[in-house]
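data_35.cif (mmCIF, N, CA and C atoms)
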```
data_target
#
loop_
_atom_site.label_atom_id
_atom_site.label_comp_id
_atom_site.auth_asym_id
_atom_site.auth_seq_id
_atom_site.Cartn_x
_atom_site.Cartn_y
_atom_site.Cartn_z
N MET A 1 5.70 30.10 34.35
CA MET A 1 5.31 29.45 33.10
C MET A 1 6.35 29.81 32.05
N LEU A 2 6.89 28.81 31.40
CA LEU A 2 7.89 29.02 30.38
C LEU A 2 7.29 28.93 29.00
N LYS A 3 7.90 29.65 28.07
CA LYS A 3 7.48 29.55 26.68
C LYS A 3 7.93 28.22 26.11
N ASN A 4 7.20 27.72 25.13
CA ASN A 4 7.61 26.51 24.44
C ASN A 4 8.67 26.89 23.42
N GLU A 5 9.91 26.53 23.69
CA GLU A 5 11.01 26.91 22.82
C GLU A 5 11.00 26.17 21.48
N ASN A 6 10.21 25.10 21.35
CA ASN A 6 10.13 24.35 20.09
C ASN A 6 9.21 25.00 19.08
N ILE A 7 8.36 25.92 19.51
CA ILE A 7 7.40 26.55 18.61
C ILE A 7 7.64 28.06 18.64
N LYS A 8 8.04 28.60 17.50
CA LYS A 8 8.20 30.04 17.34
C LYS A 8 6.98 30.52 16.56
N PRO A 9 6.08 31.26 17.20
CA PRO A 9 4.86 31.68 16.52
C PRO A 9 5.08 32.88 15.61
N ARG A 10 4.20 32.99 14.63
CA ARG A 10 4.15 34.19 13.80
C ARG A 10 2.68 34.52 13.56
N PRO A 11 2.35 35.81 13.53
CA PRO A 11 0.96 36.18 13.24
C PRO A 11 0.64 35.91 11.77
N LEU A 12 -0.64 35.80 11.49
CA LEU A 12 -1.06 35.67 10.10
C LEU A 12 -0.62 36.92 9.35
N ASN A 13 -0.14 36.74 8.12
CA ASN A 13 0.24 37.92 7.33
C ASN A 13 -0.99 38.51 6.65
N GLU A 14 -0.81 39.64 6.01
CA GLU A 14 -1.95 40.34 5.39
C GLU A 14 -2.60 39.50 4.28
N HIS A 15 -1.80 38.80 3.52
CA HIS A 15 -2.34 37.95 2.45
C HIS A 15 -3.23 36.86 3.05
N GLU A 16 -2.78 36.23 4.12
CA GLU A 16 -3.57 35.17 4.77
C GLU A 16 -4.86 35.73 5.36
N LYS A 17 -4.78 36.92 5.94
CA LYS A 17 -5.98 37.56 6.49
C LYS A 17 -6.98 37.89 5.39
N GLU A 18 -6.48 38.39 4.27
CA GLU A 18 -7.36 38.71 3.14
C GLU A 18 -8.00 37.44 2.57
N ASP A 19 -7.21 36.37 2.48
CA ASP A 19 -7.77 35.10 2.02
C ASP A 19 -8.91 34.66 2.93
N MET A 20 -8.72 34.78 4.23
CA MET A 20 -9.75 34.36 5.18
C MET A 20 -11.02 35.20 5.01
N LYS A 21 -10.85 36.51 4.77
CA LYS A 21 -12.01 37.38 4.55
C LYS A 21 -12.78 36.96 3.30
N SER A 22 -12.04 36.41 2.32
CA SER A 22 -12.65 35.94 1.08
C SER A 22 -13.09 34.49 1.18
N GLU A 23 -13.05 33.94 2.39
CA GLU A 23 -13.43 32.56 2.66
C GLU A 23 -12.56 31.55 1.94
N VAL A 24 -11.26 31.87 1.84
CA VAL A 24 -10.26 30.95 1.32
C VAL A 24 -9.42 30.55 2.52
N TYR A 25 -9.44 29.24 2.85
CA TYR A 25 -8.79 28.77 4.06
C TYR A 25 -7.78 27.67 3.76
N ASP A 26 -6.80 27.58 4.60
CA ASP A 26 -5.85 26.47 4.56
C ASP A 26 -6.44 25.38 5.45
N THR A 27 -7.11 24.42 4.85
CA THR A 27 -7.84 23.42 5.63
C THR A 27 -6.92 22.46 6.37
N PHE A 28 -5.66 22.39 5.99
CA PHE A 28 -4.72 21.50 6.66
C PHE A 28 -3.88 22.23 7.70
N ALA A 29 -4.11 23.51 7.87
CA ALA A 29 -3.27 24.32 8.75
C ALA A 29 -3.40 23.92 10.21
N ASP A 30 -2.34 24.18 10.92
CA ASP A 30 -2.25 23.94 12.35
C ASP A 30 -2.12 25.31 13.01
N TYR A 31 -3.25 25.92 13.33
CA TYR A 31 -3.26 27.27 13.87
C TYR A 31 -2.87 27.27 15.34
N LEU A 32 -2.44 28.44 15.81
CA LEU A 32 -2.15 28.60 17.23
C LEU A 32 -2.56 29.98 17.69
N VAL A 33 -2.72 30.11 19.01
CA VAL A 33 -3.00 31.39 19.66
C VAL A 33 -1.81 31.68 20.55
N PHE A 34 -1.25 32.88 20.39
CA PHE A 34 -0.04 33.21 21.13
C PHE A 34 -0.04 34.67 21.57
N CYS A 35 0.84 34.98 22.52
CA CYS A 35 1.00 36.34 23.01
C CYS A 35 1.84 37.11 22.01
N GLY A 36 1.31 38.19 21.49
CA GLY A 36 2.03 39.02 20.53
C GLY A 36 3.17 39.79 21.16
N ASN A 37 3.20 39.90 22.47
CA ASN A 37 4.26 40.62 23.16
C ASN A 37 5.51 39.76 23.36
N CYS A 38 5.34 38.55 23.91
CA CYS A 38 6.51 37.73 24.26
C CYS A 38 6.62 36.43 23.48
N GLY A 39 5.56 36.04 22.75
CA GLY A 39 5.61 34.82 21.95
C GLY A 39 5.15 33.57 22.68
N TYR A 40 4.65 33.70 23.90
CA TYR A 40 4.13 32.55 24.63
C TYR A 40 2.99 31.92 23.85
N VAL A 41 3.04 30.61 23.62
CA VAL A 41 2.00 29.90 22.87
C VAL A 41 0.96 29.40 23.86
N ASP A 42 -0.26 29.93 23.74
CA ASP A 42 -1.36 29.53 24.62
C ASP A 42 -1.87 28.16 24.23
N LYS A 43 -2.22 27.99 22.96
CA LYS A 43 -2.74 26.72 22.45
C LYS A 43 -2.26 26.56 21.02
N THR A 44 -2.04 25.31 20.64
CA THR A 44 -1.61 25.02 19.28
C THR A 44 -2.33 23.76 18.79
N ASN A 45 -2.00 23.35 17.59
CA ASN A 45 -2.60 22.15 16.97
C ASN A 45 -4.11 22.27 16.84
N MET A 46 -4.59 23.42 16.40
CA MET A 46 -6.02 23.66 16.29
C MET A 46 -6.42 23.93 14.84
N TYR A 47 -7.62 23.49 14.50
CA TYR A 47 -8.22 23.91 13.24
C TYR A 47 -8.67 25.35 13.40
N LEU A 48 -8.91 26.01 12.30
CA LEU A 48 -9.21 27.44 12.32
C LEU A 48 -10.37 27.81 13.24
N MET A 49 -11.49 27.09 13.13
CA MET A 49 -12.66 27.46 13.94
C MET A 49 -12.35 27.38 15.43
N ARG A 50 -11.61 26.37 15.84
CA ARG A 50 -11.25 26.22 17.25
C ARG A 50 -10.29 27.33 17.66
N ALA A 51 -9.34 27.67 16.80
CA ALA A 51 -8.37 28.72 17.11
C ALA A 51 -9.07 30.08 17.23
N GLU A 52 -10.00 30.35 16.32
CA GLU A 52 -10.74 31.61 16.40
C GLU A 52 -11.58 31.68 17.66
N SER A 53 -12.16 30.56 18.05
CA SER A 53 -12.95 30.49 19.28
C SER A 53 -12.07 30.74 20.49
N ARG A 54 -10.88 30.13 20.53
CA ARG A 54 -9.96 30.34 21.65
C ARG A 54 -9.49 31.79 21.70
N LEU A 55 -9.18 32.38 20.55
CA LEU A 55 -8.76 33.78 20.52
C LEU A 55 -9.85 34.69 21.06
N GLU A 56 -11.08 34.44 20.65
CA GLU A 56 -12.21 35.24 21.13
C GLU A 56 -12.34 35.12 22.65
N LYS A 57 -12.19 33.91 23.16
CA LYS A 57 -12.32 33.69 24.60
C LYS A 57 -11.24 34.43 25.40
N VAL A 58 -9.98 34.33 24.97
CA VAL A 58 -8.92 34.99 25.73
C VAL A 58 -9.02 36.51 25.62
N GLU A 59 -9.52 37.01 24.50
CA GLU A 59 -9.72 38.46 24.36
C GLU A 59 -10.91 38.93 25.21
N ASP A 60 -12.02 38.19 25.15
CA ASP A 60 -13.21 38.58 25.90
C ASP A 60 -12.99 38.55 27.41
N THR A 61 -12.18 37.62 27.88
CA THR A 61 -11.92 37.50 29.31
C THR A 61 -10.70 38.29 29.74
N ALA A 62 -10.04 38.95 28.78
CA ALA A 62 -8.82 39.71 29.05
C ALA A 62 -7.79 38.85 29.80
N LEU A 63 -7.64 37.61 29.33
CA LEU A 63 -6.70 36.69 29.94
C LEU A 63 -5.28 37.23 29.79
N LYS A 64 -4.58 37.33 30.89
CA LYS A 64 -3.20 37.81 30.86
C LYS A 64 -2.26 36.67 30.53
N CYS A 65 -1.24 36.99 29.77
CA CYS A 65 -0.21 36.01 29.42
C CYS A 65 0.52 35.60 30.70
N PRO A 66 0.67 34.30 30.93
CA PRO A 66 1.36 33.86 32.14
C PRO A 66 2.85 34.18 32.15
N CYS A 67 3.41 34.53 30.99
CA CYS A 67 4.85 34.87 30.94
C CYS A 67 5.10 36.36 31.18
N CYS A 68 4.35 37.21 30.48
CA CYS A 68 4.64 38.65 30.55
C CYS A 68 3.53 39.49 31.16
N GLY A 69 2.34 38.91 31.33
CA GLY A 69 1.24 39.65 31.94
C GLY A 69 0.46 40.54 31.00
N GLU A 70 0.82 40.55 29.73
CA GLU A 70 0.11 41.38 28.75
C GLU A 70 -1.12 40.66 28.21
N VAL A 71 -2.01 41.42 27.60
CA VAL A 71 -3.19 40.87 26.93
C VAL A 71 -3.09 41.26 25.46
N GLN A 72 -2.25 40.55 24.73
CA GLN A 72 -2.00 40.86 23.32
C GLN A 72 -2.04 39.57 22.50
N TRP A 73 -3.14 38.85 22.58
CA TRP A 73 -3.25 37.56 21.91
C TRP A 73 -3.42 37.71 20.42
N LYS A 74 -2.82 36.79 19.66
CA LYS A 74 -2.89 36.80 18.20
C LYS A 74 -3.13 35.39 17.68
N LEU A 75 -3.68 35.33 16.49
CA LEU A 75 -3.88 34.07 15.77
C LEU A 75 -2.72 33.93 14.80
N GLY A 76 -2.15 32.75 14.73
CA GLY A 76 -1.01 32.60 13.83
C GLY A 76 -0.69 31.17 13.48
N TYR A 77 0.50 31.04 12.92
CA TYR A 77 1.09 29.77 12.51
C TYR A 77 2.44 29.63 13.21
N PRO A 78 2.99 28.44 13.18
CA PRO A 78 4.39 28.30 13.59
C PRO A 78 5.30 29.03 12.59
N MET A 79 6.33 29.68 13.09
CA MET A 79 7.29 30.42 12.25
C MET A 79 7.88 29.52 11.17
N GLY A 80 8.06 30.09 9.99
CA GLY A 80 8.67 29.36 8.89
C GLY A 80 7.74 28.42 8.17
N SER A 81 6.46 28.51 8.47
CA SER A 81 5.50 27.58 7.89
C SER A 81 4.38 28.35 7.22
N LYS A 82 4.17 28.12 5.95
CA LYS A 82 3.05 28.72 5.24
C LYS A 82 1.81 27.89 5.39
N THR A 83 1.97 26.61 5.71
CA THR A 83 0.82 25.73 5.82
C THR A 83 0.43 25.48 7.26
N GLY A 84 1.26 25.91 8.19
CA GLY A 84 0.95 25.70 9.59
C GLY A 84 1.56 24.44 10.16
N PHE A 85 2.26 23.66 9.37
CA PHE A 85 2.89 22.46 9.90
C PHE A 85 4.29 22.78 10.39
N VAL A 86 4.67 22.14 11.45
CA VAL A 86 5.98 22.38 12.07
C VAL A 86 6.91 21.23 11.75
N LYS A 87 8.14 21.54 11.42
CA LYS A 87 9.16 20.52 11.24
C LYS A 87 10.20 20.68 12.34
N PHE A 88 10.39 19.66 13.13
CA PHE A 88 11.39 19.69 14.21
C PHE A 88 12.66 19.00 13.73
N LYS A 89 13.78 19.56 14.10
CA LYS A 89 15.07 18.97 13.74
C LYS A 89 15.48 17.95 14.77
#
```

Output the file's structure in the form of structure tokens.
Amino acid sequence: MLKNENIKPRPLNEHEKEDMKSEVYDTFADYLVFCGNCGYVDKTNMYLMRAESRLEKVEDTALKCPCCGEVQWKLGYPMGSKTGFVKFK
């Protein structure tokens, strides 16, 4: 299984996490679930509730990353995007 080279994931930053705790959300965001070890993108193009559900599932089942074999899933955005939208060149 190869990583998607078109999507460079990044974890949510502390400000974004704090906003979520305060129930402030980016309603237009395109969230993704990815391996924090190697950057393999498990799923993308998700609204927050779906992304949180997917993250919970892969953590609860201890799903191993098909690229590196680790179980280090994270919720995030595409790199370079504060809103979660990706721009391809």

- Message: Would you compute the distance between atom N of Asn13 in chain A and atom C of Gly39 in chain A? Give it in Å to one decimal.
- Response: 15.8 Å

- Contacts of range 47-64 of chain A within 8 Å, all atoms listed in the file, excl. fewer than 3 positions in-chain, as an MDAnalysis selection string: chainID A and resid 26:34 43:44 67:76

- Task: Using DSSP on the backbone coordinates, identify the residues of range 2-80 of chain A assigned to helix (DSSP H, G or I); present them as number ranges by chain.
- Result: A: 14-21, 48-60

- Message: Report, in Å with one decimal, the straight-line distance from CA of Tyr77 in chain A to CA of Glu23 in chain A.
- Response: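 Those two atoms sit 17.8 Å apart.
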
- Item | One-decimal distance in Å that lies between CA of Arg10 in chain A and CA of Asn45 in chain A |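 Rounded to one decimal, the two atoms are 14.2 Å apart.
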
Centre and edges of the range 26-45 of chain A box, axis-aligned, 8 Å extra per side, as lines of an AutoDock Vina configuration file:
```
center_x = -0.6
center_y = 31.1
center_z = 14.6
size_x = 30.5
size_y = 35.1
size_z = 36.1
```

- Query: Near Met79 in chain A, counting only C-alpha atoms, which residues have an atom at most 6 Å away, once you skip same-chain residues fewer than 2 positions from it, shown as a PyMOL selection string?
  - Reply: chain A and resi 8-10+81

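Counting all atoms listed in the file and comparing A:Cys65, A:Asn4, A:Met20, A:His15, the residue that lies closest to Cys35 in chain A is A:Cys65.
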
Incomplete range 33-44 of chain A brought to all heavy atoms, written out as a compact mmCIF listing (two decimals), in the frame of the given file:
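The resulting file, out26.txt, is shown below:
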```
# COMPACT_ATOMS: atom_id res chain seq x y z
N VAL A 33 -2.72 30.11 19.01
CA VAL A 33 -3.00 31.39 19.66
C VAL A 33 -1.81 31.68 20.55
O VAL A 33 -1.38 30.82 21.32
CB VAL A 33 -4.31 31.33 20.47
CG1 VAL A 33 -4.51 32.61 21.26
CG2 VAL A 33 -5.50 31.07 19.56
N PHE A 34 -1.25 32.88 20.39
CA PHE A 34 -0.04 33.21 21.13
C PHE A 34 -0.04 34.67 21.57
O PHE A 34 -0.79 35.49 21.06
CB PHE A 34 1.20 32.91 20.29
CG PHE A 34 1.38 33.82 19.11
CD1 PHE A 34 2.25 34.90 19.18
CD2 PHE A 34 0.69 33.62 17.93
CE1 PHE A 34 2.42 35.74 18.11
CE2 PHE A 34 0.86 34.46 16.85
CZ PHE A 34 1.73 35.53 16.94
N CYS A 35 0.84 34.98 22.52
CA CYS A 35 1.00 36.34 23.01
C CYS A 35 1.84 37.11 22.01
O CYS A 35 2.98 36.73 21.73
CB CYS A 35 1.67 36.34 24.38
SG CYS A 35 2.01 38.01 25.00
N GLY A 36 1.31 38.19 21.49
CA GLY A 36 2.03 39.02 20.53
C GLY A 36 3.17 39.79 21.16
O GLY A 36 4.04 40.30 20.45
N ASN A 37 3.20 39.90 22.47
CA ASN A 37 4.26 40.62 23.16
C ASN A 37 5.51 39.76 23.36
O ASN A 37 6.60 40.17 23.03
CB ASN A 37 3.76 41.14 24.51
CG ASN A 37 4.78 41.98 25.22
OD1 ASN A 37 5.28 42.95 24.67
ND2 ASN A 37 5.11 41.61 26.43
N CYS A 38 5.34 38.55 23.91
CA CYS A 38 6.51 37.73 24.26
C CYS A 38 6.62 36.43 23.48
O CYS A 38 7.64 35.75 23.54
CB CYS A 38 6.53 37.44 25.75
SG CYS A 38 5.29 36.23 26.29
N GLY A 39 5.56 36.04 22.75
CA GLY A 39 5.61 34.82 21.95
C GLY A 39 5.15 33.57 22.68
O GLY A 39 5.22 32.48 22.12
N TYR A 40 4.65 33.70 23.90
CA TYR A 40 4.13 32.55 24.63
C TYR A 40 2.99 31.92 23.85
O TYR A 40 2.06 32.61 23.43
CB TYR A 40 3.65 32.97 26.02
CG TYR A 40 2.90 31.89 26.75
CD1 TYR A 40 3.59 30.89 27.42
CD2 TYR A 40 1.51 31.86 26.77
CE1 TYR A 40 2.91 29.88 28.08
CE2 TYR A 40 0.82 30.86 27.44
CZ TYR A 40 1.53 29.87 28.09
OH TYR A 40 0.86 28.88 28.75
N VAL A 41 3.04 30.61 23.62
CA VAL A 41 2.00 29.90 22.87
C VAL A 41 0.96 29.40 23.86
O VAL A 41 1.24 28.57 24.72
CB VAL A 41 2.59 28.74 22.05
CG1 VAL A 41 1.47 27.95 21.37
CG2 VAL A 41 3.57 29.26 21.03
N ASP A 42 -0.26 29.93 23.74
CA ASP A 42 -1.36 29.53 24.62
C ASP A 42 -1.87 28.16 24.23
O ASP A 42 -1.99 27.27 25.06
CB ASP A 42 -2.48 30.57 24.53
CG ASP A 42 -3.74 30.13 25.26
OD1 ASP A 42 -3.69 29.99 26.49
OD2 ASP A 42 -4.76 29.92 24.58
N LYS A 43 -2.22 27.99 22.96
CA LYS A 43 -2.74 26.72 22.45
C LYS A 43 -2.26 26.56 21.02
O LYS A 43 -2.13 27.52 20.28
CB LYS A 43 -4.27 26.71 22.44
CG LYS A 43 -4.92 26.81 23.79
CD LYS A 43 -5.42 25.49 24.24
CE LYS A 43 -6.17 25.67 25.55
NZ LYS A 43 -6.39 24.48 26.25
N THR A 44 -2.04 25.31 20.64
CA THR A 44 -1.61 25.02 19.28
C THR A 44 -2.33 23.76 18.79
O THR A 44 -3.18 23.22 19.50
CB THR A 44 -0.08 24.86 19.19
OG1 THR A 44 0.29 24.77 17.81
CG2 THR A 44 0.43 23.67 19.96
```
